[in-house]
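> There's a structure below that I have some questions on.
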Number of protein chains: 2
Amino acid sequence: MTSDLYQALFAPAAVALVGASDVPGKATARPLNFLRRHGWAGDVYPINAKRATVLGERAWASLEDLPAVPEHALVLTPADAAVEAVRQCAELGVTVATVVADGFLPGTADGDRRRQELREIVDGSTLRLLGPSSLGVATIATGLALTGNAAFVEHPLPAGDVFVASQSGSVLGALLSRGVEMGVGFAGMVSVGNELDISLGEVCHAALDDVAVAGFALFLENLAHADELADFARAAAARGKPVVAYKLGRSDDGARLSVSHTGALAGDDAVADAFLRAHGIARVTTFDALLEAQLLARRIPISASPGRRVAVVSTTGGGGAMAVDCLAAAGLKVTAPAPMTAARLAGLGVEAGPGALIDLTLSGTTYDTIKGALDVLLDAPEFDAVIVVPGSSARFSPEISVKPIIDSATADTPLGVFVVPAAPDALRLLRRGGVPAFRTAESLADAMTAVFSREPVRPAVAPVQVTGTGGGAVTLDEDASYAVLEQLGIRAAPRVVVDVDRLPTELPVAAPAVIKVLSAALAHKSDVGGVVLGIADAQQLQAAASRIRSAVSAAVPGLSVDRLLVQQMVRGVAEVLIGFRRDPDVGPVVVLAAGGVLAEVYRDRSVRTAPVDLDQARAMIGEVRGLVVATGFRGGPRGDLDALAEAIVAMSRLATAVEPTVVEAEANPVLVLADGRGVMAVDAVVTLAGSAP
Amino acid sequence: MTSDLYQALFAPAAVALVGASDVPGKATARPLNFLRRHGWAGDVYPINAKRATVLGERAWASLEDLPAVPEHALVLTPADAAVEAVRQCAELGVTVATVVADGFLPGTADGDRRRQELREIVDGSTLRLLGPSSLGVATIATGLALTGNAAFVEHPLPAGDVFVASQSGSVLGALLSRGVEMGVGFAGMVSVGNELDISLGEVCHAALDDVAVAGFALFLENLAHADELADFARAAAARGKPVVAYKLGRSDDGARLSVSHTGALAGDDAVADAFLRAHGIARVTTFDALLEAQLLARRIPISASPGRRVAVVSTTGGGGAMAVDCLAAAGLKVTAPAPMTAARLAGLGVEAGPGALIDLTLSGTTYDTIKGALDVLLDAPEFDAVIVVPGSSARFSPEISVKPIIDSATADTPLGVFVVPAAPDALRLLRRGGVPAFRTAESLADAMTAVFSREPVRPAVAPVQVTGTGGGAVTLDEDASYAVLEQLGIRAAPRVVVDVDRLPTELPVAAPAVIKVLSAALAHKSDVGGVVLGIADAQQLQAAASRIRSAVSAAVPGLSVDRLLVQQMVRGVAEVLIGFRRDPDVGPVVVLAAGGVLAEVYRDRSVRTAPVDLDQARAMIGEVRGLVVATGFRGGPRGDLDALAEAIVAMSRLATAVEPTVVEAEANPVLVLADGRGVMAVDAVVTLAGSAP
């Protein structure tokens with residue numbers, strides 16, 4: 001049973017086309033045209049105030065004149081007229097209105113006014129709104145092409161079981177035509193536009209109950225409604241319906257464009273990556289792999305520790321080598337058959353090569369050889385997936401060439417295919433047989449990586465709500481920041497706070513020490529001469545205190561230096577940054593980064609949505625390349641990475657901590673001491689939610 | 001005028017097919033089949049000792065029985081019989097023999113013996129040999145499909161002006177079929193196999209004089225015959241015939257596979273990159289972009305300082321955004337129109353968007369709008385290339401949609417197209433119109449990057465020949481290594497060599513100093529306790545000397561510590577490694593890498609073939625990301641990058657230096673001092689060619 005909203009969107013009994021044009025070439029004439037072309041069987045009410053007929057069909061002057069209330073109204077008029085049409089829909093009891101018009105971008109006077117008007121209409125009625133700036137919806141099997149997207153002139157439309165939701169309307173057309181070419185079909189398609197009311201996550205969630213939908217392909221420009229997307233993703237994982245996404249914003253230019261395009265902030269791409277992965281969504285980085293990854297994701301269950309070991313078997317040496325090169329470069333483990341497997345292959349006359357590639361060229365490419373080899377490989381415990389790379393035969397005798405592959409694809413171990421020649425028929429046959437088949441090794445590698453990178457979905461954790469940094473946040477000084485970290489279980493290097501007017505007569509920590517000005521008002525202590533290193537005794541402490549006092553006073557007139565932090569200098573095996581912040585879109589995230597200036601240059605970091613558990617923290621440590629220096633690299637000492645993992649987990653718990661309620665925290669650097677000795681923060685800054693002083 | 005070799009390979013009057021089979025399904029029956037299928041007009045002599053006819057045509061028992069000597073013999077028999085056939089070819093005066101058989105891999109007893117036999121036959125005659133392990137050659141326009149590659153059953157073969165040379169035979173078939181699908185045609189194709197005699201570079205060089213050949217597409221597994229490839233590339237650049245290559249070996253697995261596949265060492269992929277770039281060869285990283293990059297390379301001349309500024313204009317918002325994201329992520333500069341250009345666009349009713357994307361969706365997608373906008377953009381001085389991103393119209397009315405693009409493509413500024421929907425007809429029309437058209441944004445970005453990364457080809461510099469490290473090389477101690485660097489003009493930090501038994505009474509350099517054991521036999525001084533830092537005076541020097549003496553003696557029994565290097569400790573703004581070595585394939589290379597352990601982890605380095613000039617050295621500095629710390633990063637000091645560039649140039653001159661003849665040199669670290677103060681090596685090791693002691 002699907003919801004009323006879903007019924008109204010994708011299976012209404014009647015639809016109204018507000019502003020349907022009588023001029024065949026116009027975009028506003030298309031929806032009627034498409035509904036007829038694709039044989040939709042419901043009632044269609046064209047609304048046109050100036051004409052009695054539209055494209056030869058009876059038209060009505062207004063929504064009020066209709067003989068019945070349609071569940072779904074597609075509003076094709078310009079922005080201000082569209083607002084009025086939406087108002088009428090609400091008054092009449094229409095279930096959902098889809099608004100196509102642009103002109104609703106935030107930050108413009110007209111846009112803000114129109115958004116406010118729509119918001120009030122929706123809030124004051126039972127009407128739900130798709131858009132504005134939506135290109136419409138389609139249910140492929142019934143011919144409900146409720147859209148002006150020119151691509152829906154395609155005939156027949158490719159019916160199937162993939163549900164597509166997109167923040168870009170024009171991209172639906174590209175996916176539709178690529179689906180036709182690929183042999184991939186769709187259940188429904190929706191362009192969500194500006195998501196003023198119905199979000200992408202909500203509409204996908206509503207589609208989960210549709211038995212015709214086997215999986216989801218998303219085109220994302222931003223994560224403005226991440227909560228609803230997360231709810232949907234959790235539900236989809238529970239039903240075993242895979243979700244694959246392509247998201248813009250990998251480059252800064254792309255991110256900026258997304259902002260200008262939709263008015264929503266694009267945010268940090270690594271945060272988007274972490275969010276999608278944590279919610280079991282496979283993120284492909286190539287558009288070309290989006291639909292194919294959908295097929296692959298159905299074959300590979302989400303796993304906390306995916307193996308990534310792949311066999312590559314080919315009937316073309318060069319093509320097989322390309323696949324190995326691409327897969328390995330993408331981080332997959334191209335694996336040679338174990339002795340037992342190699343022996344079984346030899347029994348079929350197949351010699352596994354000296355490298356990892358299993359080349360069938362010399363053994364012959366008959367059905368029996370290929371099927372036999374695949375059965376052996378799919379049965380071998382050392383592979384998490386098997387990749388087949390057929391050569392020319394896929395082009396010239398597609399049925400014969402792909403038959404053994406399709407016949408083998410019932411095994412538990414997933415199969416993927418990279419077809420080296422141009423062989424559109426073989427690709428279509430494979431995909432229709434449920435086998436993910438790719439025309440480039442890069443899109444295969446992209447899809448495999450995306451699907452293996454999904455994390456098991458965890459139960460929703462409600463992060464504590466904070467007022468945010470706007471107005472009510474309080475930044476703590478270094479000592480108070482350490483105190484917050486200590487409350488979490490993260491140690492700082494030994495320290496004592498001293499009054500600058502009553503300095504101790506002995507160094508209060510083990511030498512050598514560092515002396516730092518203590519003030520929540522100073523973000524960059526070193527830059528203003530507020531730090532002195534290598535203090536051996538009380539006399540040096542005294543000298544350092546004077547130096548700091550005069551340097552800071554000179555640099556920041558009006559700031560009085562009252563207190564100093566005396567901290568023992570400790571030496572670590574490695575330096576890291578552990579950070580926590582609340583992303584405006586996806587909520588709390590924890591960041592681990594290699595320490596030092598260079599790490600920033602290399603962007604060497606790992607991001608997860610918070611909280612994380614120990615396994616996730618260990619995975620984060622594995623992703624920060626610079627931390628190899630703490631693994632006994634080149635005979636060096638090993639760092640206490642267990643303690644580091646615990647510190648990451650501790651930091652991530654700020655997501656749900658009510659007391660203190662932290663907006664943002666950063667321990668940087670944290671020294672990873674030798675194995676067994678733990679980790680120690682040697683600088684930190686914590687910002688609490690709270691009332692402004 | 002093409003050479004006799006080229007004539008015999010690609011335009012012979014008669015060919016012999018040694019070992020042609022009468023059994024239609026067999027691979028050895030295919031060449032005769034293909035020659036007839038594609039209407040080749042020359043004489044064909046099937047050779048089959050057991051049959052009077054082959055596939056219904058007269059056969060001969062042996063090469064000796066032929067009525068005339070063919071210029072080209074395709075030898076289809078197994079390895080040992082193939083060697084005998086090659087011997088007969090040599091005796092009869094055949095110009096070129098192509099050997100298909102495997103069984104010639106170095107390192108196996110049979111393989112080595114057969115290689116030796118072939119080598120002796122070739123050296124003792126005028127016969128030239130293609131292969132072994134070649135899948136043959138083809139001249140598309142004449143139907144000379146002298147190959148058993150199953151893909152040549154394709155009919156008609158796609159004739160055109162691209163010449164393809166490949167180290168993998170099966171890949172030829174993939175390119176042939178992809179060319180058919182894409183609308184790209186070929187002049188000739190050659191599978192060079194193991195390159196025992198004729199190398200890929202030589203055969204391409206021979207094809208340069210063919211007026212039917214407009215450009216080259218190479219599939220490379222290794223650079224075993226880099227000299228001949230370099231000669232060809234220089235000649236191709238001089239003729240303005242672009243060369244594009246896909247090379248395996250980006251991953252370690254791929255590189256290993258290449259070794260096992262061909263018996264040749266794959267080498268360091270960064271070195272391969274440097275070699276190809278320095279020879280004006282555009283290296284794509286996606287196979288899908290190989291043929292399309294060929295078209296793009298014809299439009300973009302090689303430049304020492306390519307601008308990389310691209311305009312992106314689209315009739316699909318989402319597709320345009322994908323293009324911007326991909327191009328920017330690949331390092332291209334997606335650029336918004338300058339005010340003058342924006343004004344001209346506005347005159348056509350085109351509003352340039354708030355981001356860099358020029359979206360024509362709202363202005364309408366008529367011929368006049370698109371053509372007008374393209375003319376303005378192609379004429380604007382702020383763009384080095386213009387990218388067009390058409391939407392659905394490319395699928396449904398390809399002729400109309402691509403016409404303005406093809407009509408605009410005569411401008412000097414190059415055009416590239418990313419077609420977002422599945423639109424095979426539009427892609428074919430564009431490519432036939434000479435416009436590089438891509439079906440993914442990633443392959444477009446790959447091709448653009450590859451084409452812009454080519455460097456102007458420099459005249460050949462004959463590197464000095466050295467005996468190599470095998471047997472005759474001498475590794476110098478640190479002091480002698482500095483002396484070599486100083487001869488080149490690279491300074492070391494101030495230093496004095498002292499006798500461990502007669503230590504000076506004063507520290508001979510400014511304090512603080514570092515004391516190091518001086519011995520060519522010790523590769524890693526620190527690891528054996530041979531280095532003491534922070535020496536302030538002669539007394540500390542004495543203590544350090546004893547410590548070093550006992551530590552080194554304990555760690556390396558039998559090594560006597562006689563001399564120490566006392567060197568002033570200096571502080572730099574950044575640390576780098578400058579290295580020089582002679583790659584076994586491509587010859588001398590110079591390497592610049594960020595200093596420190598992390599730089600190794602991040603593989604942050606730049607490689608060029610040596611020698612380099614100052615502009616190249618500056619480009620190398622720009623490629624090492626870690627050197628951003630020497631550019632006044634975050635208000636820090638600027639390093640003397642001019643002096644660093646000079647040091648790189650100096651190091652690279654070792655390529656041609658006769659005295660001393662250096663096999664390998666590494667200055668690591670080299671400290672980049674503050675601007676104006678130069679650079680100083682603080683450790684170095686140089687290996688000279690020479691006789692073993």
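To be explicit about the labels: the chains of the structure tokens are called A, B, and onward in the order shown, and within each one the residues are counted from 1, while ligands get numbers from 1 in the order they are shown.
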Per DSSP on the backbone, what are the alpha helix (DSSP H) residues of segment 167-202 of chain B, as a ChimeraX atom specification?

/B:170-182,200-202

> Restricting it to N, CA, C and O atoms, dump the selection as a short mmCIF file (atom, residue, chain, number, x, y, z; two decimals), in the first residue's frame.


data_model
loop_
_atom_site.label_atom_id
_atom_site.label_comp_id
_atom_site.auth_asym_id
_atom_site.auth_seq_id
_atom_site.Cartn_x
_atom_site.Cartn_y
_atom_site.Cartn_z
N SER B 170 44.57 -7.55 -29.11
CA SER B 170 43.12 -7.63 -28.99
C SER B 170 42.48 -6.25 -28.91
O SER B 170 41.34 -6.05 -29.32
N VAL B 171 43.24 -5.27 -28.42
CA VAL B 171 42.69 -3.92 -28.29
C VAL B 171 42.37 -3.30 -29.65
O VAL B 171 41.47 -2.47 -29.77
N LEU B 172 43.10 -3.72 -30.71
CA LEU B 172 42.78 -3.20 -32.04
C LEU B 172 41.33 -3.44 -32.39
O LEU B 172 40.66 -2.58 -32.97
N GLY B 173 40.84 -4.62 -32.02
CA GLY B 173 39.45 -4.95 -32.32
C GLY B 173 38.49 -4.04 -31.58
O GLY B 173 37.50 -3.57 -32.14
N ALA B 174 38.81 -3.75 -30.31
CA ALA B 174 37.95 -2.87 -29.53
C ALA B 174 37.92 -1.47 -30.14
O ALA B 174 36.87 -0.83 -30.24
N LEU B 175 39.08 -0.99 -30.58
CA LEU B 175 39.13 0.35 -31.17
C LEU B 175 38.38 0.38 -32.50
O LEU B 175 37.70 1.35 -32.83
N LEU B 176 38.51 -0.72 -33.27
CA LEU B 176 37.82 -0.79 -34.57
C LEU B 176 36.32 -0.66 -34.37
O LEU B 176 35.65 0.16 -35.00
N SER B 177 35.78 -1.46 -33.44
CA SER B 177 34.33 -1.44 -33.26
C SER B 177 33.88 -0.12 -32.62
O SER B 177 32.85 0.44 -32.98
N ARG B 178 34.68 0.40 -31.71
CA ARG B 178 34.31 1.69 -31.11
C ARG B 178 34.37 2.81 -32.15
O ARG B 178 33.57 3.75 -32.13
N GLY B 179 35.32 2.70 -33.07
CA GLY B 179 35.39 3.67 -34.16
C GLY B 179 34.13 3.63 -35.01
O GLY B 179 33.57 4.67 -35.38
N VAL B 180 33.67 2.42 -35.33
CA VAL B 180 32.44 2.27 -36.11
C VAL B 180 31.29 2.96 -35.38
O VAL B 180 30.55 3.75 -35.95
N GLU B 181 31.17 2.65 -34.09
CA GLU B 181 30.07 3.20 -33.32
C GLU B 181 30.17 4.72 -33.20
O GLU B 181 29.16 5.43 -33.22
N MET B 182 31.40 5.22 -33.08
CA MET B 182 31.60 6.65 -32.85
C MET B 182 31.54 7.49 -34.11
O MET B 182 31.35 8.70 -34.03
N LEU B 200 57.20 -0.16 -32.14
CA LEU B 200 56.03 0.67 -32.35
C LEU B 200 56.43 2.06 -32.87
O LEU B 200 55.81 2.59 -33.80
N GLY B 201 57.49 2.61 -32.29
CA GLY B 201 57.94 3.93 -32.73
C GLY B 201 58.37 3.91 -34.19
O GLY B 201 58.06 4.82 -34.96
N GLU B 202 59.06 2.85 -34.58
CA GLU B 202 59.55 2.79 -35.96
C GLU B 202 58.41 2.70 -36.96
O GLU B 202 58.41 3.36 -38.00
#

> Go through segment 92-171 of chain A residue by residue and, counting only C-alpha atoms, keep those with an atom at most 12 Å from segment 285-306 of chain A; for each kept residue give the shortest atom pair and its distance in Å to one decimal, ordered by chain and increasing number, as CSV.


residue,atom,partner,partner_atom,distance
A:Gly160,CA,A:Leu291,CA,11.9
A:Asp161,CA,A:Leu295,CA,10.3
A:Val162,CA,A:Gln294,CA,7.9
A:Phe163,CA,A:Gln294,CA,10.0
A:Val164,CA,A:Leu291,CA,9.4
A:Val171,CA,A:Phe287,CA,10.1

> Kindly give the distance, in Å, that separates atom CA of Gly676 of chain A and atom CA of Gly596 of chain A, rounded to a single decimal.

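Atom CA of Gly596 of chain A lies 23.3 Å from atom CA of Gly676 of chain A.
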
> Kindly indicate which residue among A:Ala29, A:Val497, A:Leu63, A:Val624 lies nearest to chain B, using only C-alpha atoms for the distances.

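Of A:Ala29, A:Val497, A:Leu63, A:Val624, the one nearest chain B is A:Val624, counting only C-alpha atoms.
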
> Which value, in Å to one decimal, gives the distance between atom CA of Ala551 of chain A and atom CA of Asp537 of chain A?

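So the answer is 20.9 Å.
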
> Which residue gives the smallest distance to Gly690 of chain A among A:Glu659, A:Glu351, A:Asp604, A:Asp22, with only C-alpha atoms counted?

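Nearest candidate to Gly690 of chain A out of A:Glu659, A:Glu351, A:Asp604, A:Asp22: A:Glu659.
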
> As a list in words, please: the residues near Val86 of chain B (cut-off 9 Å, only C-alpha atoms, same-chain neighbours under 3 positions excluded).

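With the cut-off at 9 Å, the set is Ala73, Val75, Ala81, Ala82, Val83, Cys89, Ala90, Glu91, Ala97, Thr98, Val99, Leu118, Ile121, Val122, Leu127 and Leu129 of chain B.
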
> How far is it from atom CA of Asp368 of chain A to atom CA of Leu345 of chain A, in Å with one decimal?

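Between atom CA of Asp368 of chain A and atom CA of Leu345 of chain A the gap works out to 12.3 Å.
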